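Report on one structure; see the data block that follows.
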Amino acid sequence: MWYDATVGASNFTGDAAKNSAYAYAPTKVKDWSGWLWAWSLAMPSTSKKKDAAWAFADWATSKDYIKLVGTKLGWSHVPPGTRTSTYSLPEYQQAAGGFAQVTLDSIAHADVTHPTVDPVPYIGVQYVDVDEFQQLGDQVSQEFAKVIAGTESVDAALQKANTLAAAVGKVYQH
């Protein structure tokens, strides 16, 4: 069993895809798990080449790009969740048949304004809408890498991760 984001399903090809099934993320209290992530394209406001950056972002998220990937690399390599219109393409439906509806439903039911069981002072699902989120994730990952490397205990890594998260959280408490 592999639990991952909706985009993970497209990584299975060949026998792995034929011998796999796809399911919604498990839940206990809420009806949907709410896991959602976005690979996003951004352009700094200070960019000197805004027209070129916009042209790339427009192309990389276009129907033409999806069709190019599908015809050149195979429909199983089309990035899931990129465009709703992709799911109506017969070629994609055939390649993504096992996971397409699970992906669409999971994205549609992610509630960014109420991401957790208990109220929280931020919006976002998995990705918390605070500037320090990525840096915090990197720092916490480094602590767990030390556990895997055998240079730090699980308890020590958890304590450090909690301290790091608490420091970021204090900035956003009202």
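Going by the structure tokens order, chains are called A, B, ..., each with residues numbered from 1, while ligands are numbered from 1 in the order shown.
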
Residues within 10 Å of stretch 82-88 of chain A, please, as a list in words. Count only C-alpha atoms; anything in the same chain fewer than 4 positions from it doesn't count.
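Once the adjacent positions are removed, what remains is Val7, Ala38, Trp39, Ala60, Thr61, Ser62, Lys63, Ile66, Lys67, Val78, Tyr92, Gln93, Gln94, Ala96, Gly97, Ala100, Gln101, Thr103 and Leu104 of chain A.
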
Restrict the selected residues to N, CA and C atoms and save them as a PDB file, in the first residue's frame.
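Now in again_37.pdb:
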```pdb
ATOM      1  N   VAL A   7      -1.544  13.076  -7.261  1.00  0.00           N
ATOM      2  CA  VAL A   7      -0.640  13.006  -8.405  1.00  0.00           C
ATOM      3  C   VAL A   7       0.187  11.718  -8.422  1.00  0.00           C
ATOM      4  N   ALA A  38      -0.327  21.811  -4.228  1.00  0.00           N
ATOM      5  CA  ALA A  38      -0.243  22.394  -5.556  1.00  0.00           C
ATOM      6  C   ALA A  38       1.208  22.618  -5.933  1.00  0.00           C
ATOM      7  N   TRP A  39       1.545  22.198  -7.118  1.00  0.00           N
ATOM      8  CA  TRP A  39       2.813  22.586  -7.710  1.00  0.00           C
ATOM      9  C   TRP A  39       2.479  23.837  -8.489  1.00  0.00           C
ATOM     10  N   ALA A  60       2.558  26.081 -20.272  1.00  0.00           N
ATOM     11  CA  ALA A  60       2.755  24.907 -19.414  1.00  0.00           C
ATOM     12  C   ALA A  60       1.480  24.461 -18.713  1.00  0.00           C
ATOM     13  N   THR A  61       0.440  25.281 -18.737  1.00  0.00           N
ATOM     14  CA  THR A  61      -0.837  24.904 -18.128  1.00  0.00           C
ATOM     15  C   THR A  61      -1.949  24.801 -19.172  1.00  0.00           C
ATOM     16  N   SER A  62      -1.578  24.788 -20.428  1.00  0.00           N
ATOM     17  CA  SER A  62      -2.570  24.816 -21.513  1.00  0.00           C
ATOM     18  C   SER A  62      -3.048  23.426 -21.925  1.00  0.00           C
ATOM     19  N   LYS A  63      -4.162  23.396 -22.639  1.00  0.00           N
ATOM     20  CA  LYS A  63      -4.674  22.156 -23.221  1.00  0.00           C
ATOM     21  C   LYS A  63      -3.667  21.595 -24.225  1.00  0.00           C
ATOM     22  N   ILE A  66      -0.966  19.643 -22.405  1.00  0.00           N
ATOM     23  CA  ILE A  66      -1.480  18.350 -21.963  1.00  0.00           C
ATOM     24  C   ILE A  66      -1.481  17.369 -23.132  1.00  0.00           C
ATOM     25  N   LYS A  67      -1.964  17.820 -24.287  1.00  0.00           N
ATOM     26  CA  LYS A  67      -2.008  16.945 -25.467  1.00  0.00           C
ATOM     27  C   LYS A  67      -0.598  16.597 -25.950  1.00  0.00           C
ATOM     28  N   VAL A  78       0.709  12.439 -18.250  1.00  0.00           N
ATOM     29  CA  VAL A  78       0.062  13.738 -18.128  1.00  0.00           C
ATOM     30  C   VAL A  78      -0.112  14.040 -16.644  1.00  0.00           C
ATOM     31  N   TYR A  92      -6.943  10.152 -22.089  1.00  0.00           N
ATOM     32  CA  TYR A  92      -6.581  10.262 -20.685  1.00  0.00           C
ATOM     33  C   TYR A  92      -7.465   9.375 -19.835  1.00  0.00           C
ATOM     34  N   GLN A  93      -8.751   9.333 -20.143  1.00  0.00           N
ATOM     35  CA  GLN A  93      -9.671   8.472 -19.387  1.00  0.00           C
ATOM     36  C   GLN A  93      -9.212   7.020 -19.436  1.00  0.00           C
ATOM     37  N   GLN A  94      -8.734   6.590 -20.593  1.00  0.00           N
ATOM     38  CA  GLN A  94      -8.256   5.205 -20.703  1.00  0.00           C
ATOM     39  C   GLN A  94      -7.012   4.992 -19.842  1.00  0.00           C
ATOM     40  N   ALA A  96      -5.990   6.841 -17.239  1.00  0.00           N
ATOM     41  CA  ALA A  96      -6.190   7.197 -15.832  1.00  0.00           C
ATOM     42  C   ALA A  96      -7.465   6.612 -15.254  1.00  0.00           C
ATOM     43  N   GLY A  97      -8.047   5.665 -15.935  1.00  0.00           N
ATOM     44  CA  GLY A  97      -9.335   5.123 -15.531  1.00  0.00           C
ATOM     45  C   GLY A  97      -9.422   4.698 -14.084  1.00  0.00           C
ATOM     46  N   ALA A 100      -8.745   8.371 -11.980  1.00  0.00           N
ATOM     47  CA  ALA A 100      -9.240   9.681 -12.407  1.00  0.00           C
ATOM     48  C   ALA A 100     -10.341  10.220 -11.497  1.00  0.00           C
ATOM     49  N   GLN A 101     -11.367   9.420 -11.229  1.00  0.00           N
ATOM     50  CA  GLN A 101     -12.481   9.912 -10.419  1.00  0.00           C
ATOM     51  C   GLN A 101     -12.058  10.145  -8.973  1.00  0.00           C
ATOM     52  N   THR A 103      -9.145  11.089  -8.005  1.00  0.00           N
ATOM     53  CA  THR A 103      -8.389  12.336  -8.032  1.00  0.00           C
ATOM     54  C   THR A 103      -9.317  13.541  -8.083  1.00  0.00           C
ATOM     55  N   LEU A 104     -10.258  13.534  -9.013  1.00  0.00           N
ATOM     56  CA  LEU A 104     -11.187  14.661  -9.146  1.00  0.00           C
ATOM     57  C   LEU A 104     -11.995  14.883  -7.869  1.00  0.00           C
TER      58      LEU A 104
END
```

Give me, as a PyMOL selection string, all polymer residues having an atom no more than 9 Å from A:His109, counting only C-alpha atoms and skipping those fewer than 4 positions away in the same chain.
chain A and resi 32-34+104-105
